[in-house]
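For reference, entry_27.cif (mmCIF, C-alpha atoms):
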data_structure
#
loop_
_atom_site.label_atom_id
_atom_site.label_comp_id
_atom_site.auth_asym_id
_atom_site.auth_seq_id
_atom_site.Cartn_x
_atom_site.Cartn_y
_atom_site.Cartn_z
CA ASP A 1 0.00 0.00 0.00
CA ALA A 2 2.79 2.44 0.86
CA TYR A 3 4.41 2.11 -2.56
CA VAL A 4 1.09 2.45 -4.39
CA LEU A 5 0.50 5.66 -2.44
CA ALA A 6 4.07 6.81 -3.15
CA GLN A 7 3.31 6.72 -6.85
CA MET A 8 -0.05 8.43 -6.38
CA VAL A 9 1.31 11.41 -4.43
CA GLY A 10 4.18 11.95 -6.84
CA GLU A 11 7.78 12.87 -6.25
CA GLY A 12 6.81 16.00 -4.33
CA GLY A 13 4.63 14.09 -1.89
CA GLU A 14 5.61 12.04 1.14
CA VAL A 15 4.42 8.67 2.44
CA THR A 16 5.04 7.25 5.92
CA GLY A 17 4.44 3.57 6.65
CA VAL A 18 4.17 2.29 10.22
CA ASP A 19 4.38 -1.31 11.42
CA MET A 20 4.83 -2.99 14.78
CA THR A 21 7.17 -5.72 13.49
CA GLU A 22 10.77 -5.11 12.47
CA ALA A 23 10.60 -8.05 10.03
CA GLN A 24 7.80 -6.40 8.05
CA LEU A 25 9.71 -3.14 8.02
CA ASP A 26 12.85 -4.90 6.73
CA VAL A 27 10.87 -6.32 3.82
CA ALA A 28 9.33 -2.93 3.01
CA ARG A 29 12.67 -1.10 3.14
CA ALA A 30 14.34 -3.70 0.94
CA TYR A 31 12.27 -2.51 -2.02
CA GLU A 32 12.61 1.22 -1.45
CA GLU A 33 15.37 1.78 -4.01
CA PHE A 34 13.62 -0.48 -6.54
CA HIS A 35 10.47 1.63 -6.39
CA ARG A 36 12.38 4.91 -6.47
CA GLU A 37 13.99 3.87 -9.76
CA ALA A 38 10.74 2.45 -11.14
CA PHE A 39 8.92 5.72 -10.44
CA GLY A 40 11.78 7.80 -11.84
CA TYR A 41 12.24 9.81 -8.65
CA ALA A 42 15.52 11.55 -7.78
CA LYS A 43 15.06 10.43 -4.19
CA SER A 44 12.66 8.17 -2.34
CA ASN A 45 9.47 9.76 -1.00
CA VAL A 46 8.79 6.92 1.46
CA ARG A 47 9.87 6.30 5.04
CA PHE A 48 9.03 3.33 7.26
CA LEU A 49 8.80 3.65 11.04
CA HIS A 50 8.50 1.14 13.85
CA GLY A 51 5.57 1.77 16.17
CA PHE A 52 2.19 0.76 17.50
CA ILE A 53 -0.88 2.44 16.03
CA GLU A 54 -2.40 2.88 19.50
CA SER A 55 0.57 4.98 20.65
CA LEU A 56 2.07 6.74 17.64
CA ALA A 57 3.14 9.63 19.87
CA ASP A 58 5.83 7.28 21.21
CA VAL A 59 7.48 7.36 17.77
CA PRO A 60 9.77 10.44 17.79
CA GLU A 61 9.04 11.32 14.16
CA LEU A 62 5.29 11.21 14.84
CA GLN A 63 5.18 13.27 18.02
CA PRO A 64 4.33 16.54 16.20
CA SER A 65 0.60 16.70 15.48
CA GLU A 66 -1.15 17.61 12.20
CA GLN A 67 1.45 16.11 9.85
CA PHE A 68 -0.66 14.29 7.28
CA ASP A 69 -3.31 15.08 4.68
CA VAL A 70 -4.53 11.48 4.44
CA ILE A 71 -4.13 8.37 6.59
CA VAL A 72 -4.87 5.04 4.92
CA SER A 73 -5.47 1.74 6.70
CA ASN A 74 -6.44 -1.70 5.40
CA CYS A 75 -7.92 -4.03 8.04
CA VAL A 76 -5.63 -2.84 10.85
CA LEU A 77 -8.07 -1.17 13.25
CA ASN A 78 -9.73 -4.57 13.54
CA LEU A 79 -6.58 -6.13 15.01
CA SER A 80 -5.94 -3.44 17.61
CA PRO A 81 -6.88 -4.14 21.25
CA ASP A 82 -7.42 -0.38 21.82
CA LYS A 83 -9.49 0.90 18.92
CA PRO A 84 -10.45 4.26 20.52
CA ALA A 85 -6.74 5.09 20.89
CA VAL A 86 -6.12 4.31 17.22
CA LEU A 87 -8.84 6.74 16.13
CA ARG A 88 -7.61 9.43 18.53
CA GLU A 89 -4.06 9.14 17.22
CA ALA A 90 -5.24 9.32 13.61
CA PHE A 91 -7.23 12.45 14.42
CA ARG A 92 -4.21 14.02 16.14
CA LEU A 93 -1.89 13.40 13.21
CA LEU A 94 -4.23 14.67 10.51
CA ARG A 95 -4.09 18.26 9.37
CA PRO A 96 -7.35 20.25 9.50
CA GLY A 97 -9.43 19.05 6.56
CA GLY A 98 -7.45 15.81 6.48
CA GLU A 99 -9.00 12.41 6.03
CA LEU A 100 -8.79 8.91 7.47
CA TYR A 101 -9.65 6.60 4.57
CA PHE A 102 -9.75 2.97 5.56
CA SER A 103 -11.29 -0.46 5.10
CA ASP A 104 -12.09 -2.93 7.84
CA ILE A 105 -14.44 -5.70 8.99
CA TYR A 106 -17.60 -4.86 10.94
CA ALA A 107 -20.19 -6.98 12.74
CA SER A 108 -23.98 -6.82 12.88
CA ARG A 109 -23.80 -7.18 16.67
CA ARG A 110 -21.10 -7.18 19.34
CA VAL A 111 -18.73 -10.14 19.11
CA PRO A 112 -18.59 -11.99 22.48
CA SER A 113 -15.38 -11.31 24.39
CA SER A 114 -14.92 -15.08 24.77
CA LEU A 115 -14.06 -15.22 21.06
CA HIS A 116 -11.38 -12.52 21.20
CA SER A 117 -8.79 -15.06 22.29
CA HIS A 118 -9.59 -17.43 19.42
CA LYS A 119 -6.39 -17.19 17.35
CA GLU A 120 -7.89 -18.21 14.01
CA LEU A 121 -10.91 -15.94 14.30
CA TRP A 122 -8.66 -13.06 15.40
CA GLY A 123 -6.18 -13.68 12.61
CA GLU A 124 -9.00 -13.71 10.06
CA CYS A 125 -10.17 -10.27 11.30
CA ILE A 126 -13.45 -11.75 12.53
CA SER A 127 -13.39 -11.78 16.33
CA GLY A 128 -11.86 -8.28 16.44
CA ALA A 129 -14.61 -6.79 14.28
CA LEU A 130 -16.39 -3.77 15.70
CA TYR A 131 -20.16 -3.60 15.93
CA TRP A 132 -21.31 -1.00 13.36
CA HIS A 133 -22.86 1.38 15.89
CA ASP A 134 -19.96 1.09 18.33
CA PHE A 135 -17.62 2.16 15.53
CA LEU A 136 -19.73 5.21 14.71
CA THR A 137 -19.80 6.20 18.39
CA LEU A 138 -16.02 5.82 18.72
CA ALA A 139 -15.36 7.77 15.53
CA LYS A 140 -17.49 10.70 16.67
CA SER A 141 -15.90 10.62 20.13
CA ALA A 142 -12.47 10.89 18.50
CA GLY A 143 -13.57 14.02 16.61
CA PHE A 144 -14.75 12.58 13.29
CA HIS A 145 -18.27 14.00 13.46
CA ASP A 146 -19.84 12.58 10.29
CA PRO A 147 -18.37 9.20 9.21
CA ARG A 148 -19.12 8.45 5.57
CA LEU A 149 -19.57 4.90 4.26
CA VAL A 150 -17.93 4.54 0.84
CA ALA A 151 -18.60 0.86 0.10
CA ASP A 152 -19.59 -2.32 1.91
CA ALA A 153 -20.13 -6.00 1.14
CA PRO A 154 -20.98 -9.14 3.15
CA VAL A 155 -18.12 -11.34 4.36
CA ASP A 156 -18.87 -15.05 4.43
CA VAL A 157 -17.31 -17.25 7.11
CA THR A 158 -17.00 -20.37 4.97
CA ASP A 159 -15.43 -22.73 7.51
CA GLU A 160 -18.32 -24.60 9.13
CA THR A 161 -16.65 -24.86 12.54
CA LEU A 162 -15.85 -21.15 12.67
CA ARG A 163 -19.26 -20.21 11.34
CA ALA A 164 -20.90 -22.17 14.15
CA LEU A 165 -18.85 -20.23 16.70
CA VAL A 166 -19.88 -16.80 15.44
CA ALA A 167 -23.48 -17.50 14.38
CA PRO A 168 -25.80 -15.61 14.09
CA ILE A 169 -23.47 -12.60 13.75
CA GLU A 170 -23.14 -11.22 10.22
CA PHE A 171 -19.90 -9.63 9.04
CA TYR A 172 -19.20 -6.96 6.45
CA SER A 173 -16.18 -5.48 4.74
CA ALA A 174 -16.60 -1.72 4.65
CA THR A 175 -14.64 1.34 3.58
CA TYR A 176 -15.13 4.62 5.44
CA ARG A 177 -13.80 8.11 5.05
CA LEU A 178 -13.55 10.30 8.15
CA PHE A 179 -12.77 14.00 7.80
CA LYS A 180 -11.07 16.12 10.44
CA LEU A 181 -13.30 19.19 10.52
CA PRO A 182 -14.58 21.16 13.55
CA LEU A 183 -18.00 20.60 15.05
CA ALA A 184 -20.48 23.31 14.07
CA GLY A 185 -22.79 24.66 16.74
CA SER A 186 -24.72 27.00 14.45
CA ALA A 187 -25.45 27.76 10.81
CA GLU A 188 -22.68 30.35 10.89
CA ASP A 189 -20.20 27.74 12.14
CA ALA A 190 -21.30 25.41 9.36
CA GLU A 191 -20.75 28.13 6.77
CA ARG A 192 -17.23 28.64 8.14
CA GLY A 193 -16.40 24.98 7.53
CA GLY A 194 -17.71 23.00 10.51
CA LEU A 195 -19.64 19.74 10.53
CA GLU A 196 -22.96 19.23 12.26
CA GLY A 197 -22.74 15.98 14.17
CA TYR A 198 -26.44 15.56 14.88
CA ARG A 199 -27.92 16.33 11.46
CA CYS A 200 -27.04 17.16 7.88
CA GLU A 201 -28.74 20.48 7.19
CA ASP A 202 -29.90 21.81 3.81
CA TYR A 203 -28.57 25.36 3.46
CA GLY A 204 -29.21 25.74 -0.25
CA LEU A 205 -25.68 24.67 -1.21
CA ALA A 206 -24.41 22.93 -4.32
CA ALA A 207 -21.16 21.69 -5.84
CA ALA A 208 -20.01 20.87 -9.36
CA TYR A 209 -17.18 18.41 -9.98
CA LEU A 210 -14.57 19.76 -12.40
CA GLY A 211 -13.41 16.33 -13.59
CA THR A 212 -9.83 16.99 -12.57
CA ILE A 213 -9.06 13.99 -10.32
CA PRO A 214 -6.81 11.50 -12.17
CA ASP A 215 -8.55 8.25 -13.11
CA ALA A 216 -11.92 9.77 -12.15
CA GLU A 217 -12.34 12.37 -14.86
CA LYS A 218 -15.99 11.53 -15.56
CA VAL A 219 -17.37 10.65 -12.13
CA PHE A 220 -16.26 11.13 -8.51
CA SER A 221 -17.99 9.32 -5.65
CA LEU A 222 -17.50 10.83 -2.22
CA ASP A 223 -19.45 8.03 -0.54
CA LYS A 224 -22.35 5.67 -1.21
CA GLY A 225 -24.84 8.53 -1.21
CA HIS A 226 -22.94 11.21 -3.13
CA ARG A 227 -21.97 10.76 -6.78
CA PHE A 228 -20.73 13.71 -8.82
CA ASP A 229 -20.77 13.61 -12.61
CA ALA A 230 -18.26 16.03 -14.09
CA GLY A 231 -19.81 19.39 -14.91
CA LYS A 232 -23.14 18.71 -13.21
CA ILE A 233 -24.29 20.95 -10.36
CA VAL A 234 -25.41 18.75 -7.44
CA PRO A 235 -27.33 20.06 -4.38
CA VAL A 236 -25.55 19.01 -1.19
CA CYS A 237 -26.05 19.33 2.56
CA GLY A 238 -23.82 21.53 4.70
CA ASN A 239 -21.63 18.64 5.86
CA THR A 240 -20.96 17.33 2.36
CA TYR A 241 -20.26 20.87 1.15
CA ASN A 242 -17.62 21.36 3.84
CA MET A 243 -16.07 17.92 3.40
CA LEU A 244 -15.44 18.84 -0.21
CA LYS A 245 -14.53 22.50 0.21
CA GLN A 246 -12.35 22.28 3.34
CA SER A 247 -10.36 19.19 2.28
CA ARG A 248 -7.84 18.40 -0.44
CA LEU A 249 -10.85 17.81 -2.72
CA GLY A 250 -11.76 21.50 -2.76
CA ARG A 251 -9.66 22.41 -5.79
CA HIS A 252 -11.56 19.85 -7.86
CA PHE A 253 -14.99 21.45 -7.32
CA ARG A 254 -16.85 24.67 -7.95
CA PHE A 255 -19.13 25.71 -5.10
CA TYR A 256 -22.46 27.52 -5.05
CA GLY A 257 -24.63 29.17 -2.41
CA GLY A 258 -24.30 29.96 1.28
CA VAL A 259 -26.35 30.35 4.44
CA GLU A 260 -27.23 33.96 3.54
CA THR A 261 -27.35 33.42 -0.22
CA PRO A 262 -28.80 29.94 -0.93
CA PHE A 263 -28.30 28.51 -4.40
#

Entire entry expressed as structure tokens:
Amino acid sequence: DAYVLAQMVGEGGEVTGVDMTEAQLDVARAYEEFHREAFGYAKSNVRFLHGFIESLADVPELQPSEQFDVIVSNCVLNLSPDKPAVLREAFRLLRPGGELYFSDIYASRRVPSSLHSHKELWGECISGALYWHDFLTLAKSAGFHDPRLVADAPVDVTDETLRALVAPIEFYSATYRLFKLPLAGSAEDAERGGLEGYRCEDYGLAAAYLGTIPDAEKVFSLDKGHRFDAGKIVPVCGNTYNMLKQSRLGRHFRFYGGVETPF
């Protein structure tokens, strides 16, 4: 993932990979020069650090807050014993308007604690899965006021023995994007870029996608409920408006309306 991102951000961007095992880091670092040459960069734009995602402040390079525009994770939150700490650390490290974009496994109900010690279920990202609503509560508590579901799909536990242990819980693979934006306490706060955690208000706002994101020139999907065809003006709620305008996505959109001058 780190090297895919290194190519996406370009030579002027930077990518930091974190892992808790030195062996994994050795493997990643072994291919750093290969990818630098393959991408045609004068110098590598990747660094790999040893650390635990629950306590990234213990990593000297990650002690300063608000370093990153985007944090990406692929089925890692699931394996952490302290999920609230992971979300808090991600929030701390993101710049204002930054985004945690990640995929993980979720459960239709709380997984019994008796299954957390089951090595195979834990290794398969099943027994560590968060209950949907617990995740949403934790995300909002960490400061991510309006979690957005990008995609989801059922996950089948095909082994009959394991399925019997977890039944009748249903599991899903889901991708979320969480934006670091302030909580709005009024319409004026929302117009200044805040998110309303308890509702998504219609202020007469709209956005038009310019078609300028690479590999998404015709259509950009913010989440499951918001698709933007290039050149089409789309009415949006205050939260969606600010997620687009106050993040790295802002330069790819034209915006219309306001609290005082609705579109």

| query | Applied to this file, what does the PyMOL selection byres ((chain A and resi 149) around 8) return in terms of residues, put as JSON, numbers by chain? | reply | {"A": [147, 148, 150, 151, 152, 174, 175, 176, 177, 223, 224]}

| message | Residues within 8 Å of stretch 110-118 of chain A, please, as a ChimeraX atom specification. Count only C-alpha atoms; anything in the same chain fewer than 2 positions from it doesn't count. | response | /A:107-108,120-122,127-131,166,169

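Here the question is which of A:Ala167, A:Leu77, A:Leu178, A:Leu25 gets nearest to A:Leu100 using all atoms listed in the file, and that residue is A:Leu178.
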
| message | For this structure, which residues satisfy the selection - the PyMOL selection byres ((chain A and resi 153) around 6) - when it is evaluated on the file as given? I want them as a ChimeraX atom specification. | response | /A:152,154,172-173

To verify the selection step, state as a CSV table (one decimal) with C-alpha atoms, keeping the file's coordinate frame which residues the PyMOL selection byres ((chain A and resi 17) around 10) yields on this input.
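Writing the result to result_28.csv gives the following:
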chain,number,residue,atom,x,y,z
A,1,ASP,CA,0.0,0.0,0.0
A,2,ALA,CA,2.8,2.4,0.9
A,3,TYR,CA,4.4,2.1,-2.6
A,15,VAL,CA,4.4,8.7,2.4
A,16,THR,CA,5.0,7.2,5.9
A,18,VAL,CA,4.2,2.3,10.2
A,19,ASP,CA,4.4,-1.3,11.4
A,25,LEU,CA,9.7,-3.1,8.0
A,28,ALA,CA,9.3,-2.9,3.0
A,46,VAL,CA,8.8,6.9,1.5
A,47,ARG,CA,9.9,6.3,5.0
A,48,PHE,CA,9.0,3.3,7.3
A,49,LEU,CA,8.8,3.6,11.0
A,50,HIS,CA,8.5,1.1,13.8
A,51,GLY,CA,5.6,1.8,16.2
A,71,ILE,CA,-4.1,8.4,6.6
A,72,VAL,CA,-4.9,5.0,4.9

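For the residues A:Gly225, A:Pro168, A:Pro64, A:Pro84, ranking by smallest atom-to-atom distance to A:Ala142 using all atoms listed in the file places A:Pro84 first.
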
| field | Residues within 9 Å of stretch 231-237 of chain A, all atoms listed in the file, excluding chain neighbours under 2 positions, as a VMD selection string | value | chain A and resid 200 to 211 218 226 to 229 239 to 242 254 to 256 263

| message | Using Å and a single decimal, report how far atom CA of A:Leu195 sits from atom CA of A:Phe220. | response | 21.2 Å

| task | Quick one: residues within 12 Å of (-2.2, -6.3, 15.4) (file frame), counting only C-alpha atoms, please, as a ChimeraX atom specification. | result | /A:18-21,51-54,74-83,86,119,122-125,128

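Distance check against A:Ser141 using all atoms listed in the file: of A:Gly13, A:Ser65, A:Tyr41, A:Arg88, the minimum falls on A:Arg88.
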
| message | For a test of reading the model, state the distance in Å between atom CA of A:Tyr101 and atom CA of A:Ile126, rounded to one decimal. | response | 20.4 Å

| request: May I have the residues at most 7 Å from (-5.8, 20.2, 4.5) in the file's coordinates, counting only C-alpha atoms, as a PyMOL selection string? | output: chain A and resi 69+95-98+246-248

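A straight line drawn from atom CA of A:Glu99 to atom CA of A:Leu249 is 10.4 Å long.
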
Taking all atoms of stretch 137-150 of chain A that the file lists, what box with edges along x, y and z, padded by 6 Å per side, do you get, with centre and edge lengths in Å to one decimal, as lines of an AutoDock Vina configuration file?
center_x = -16.2
center_y = 9.3
center_z = 10.5
size_x = 19.4
size_y = 21.5
size_z = 31.3

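Using all atoms listed in the file, the smallest distance between any of A:Glu32, A:Asp104, A:Glu14, A:Glu196 and A:Phe135 comes from A:Asp104.
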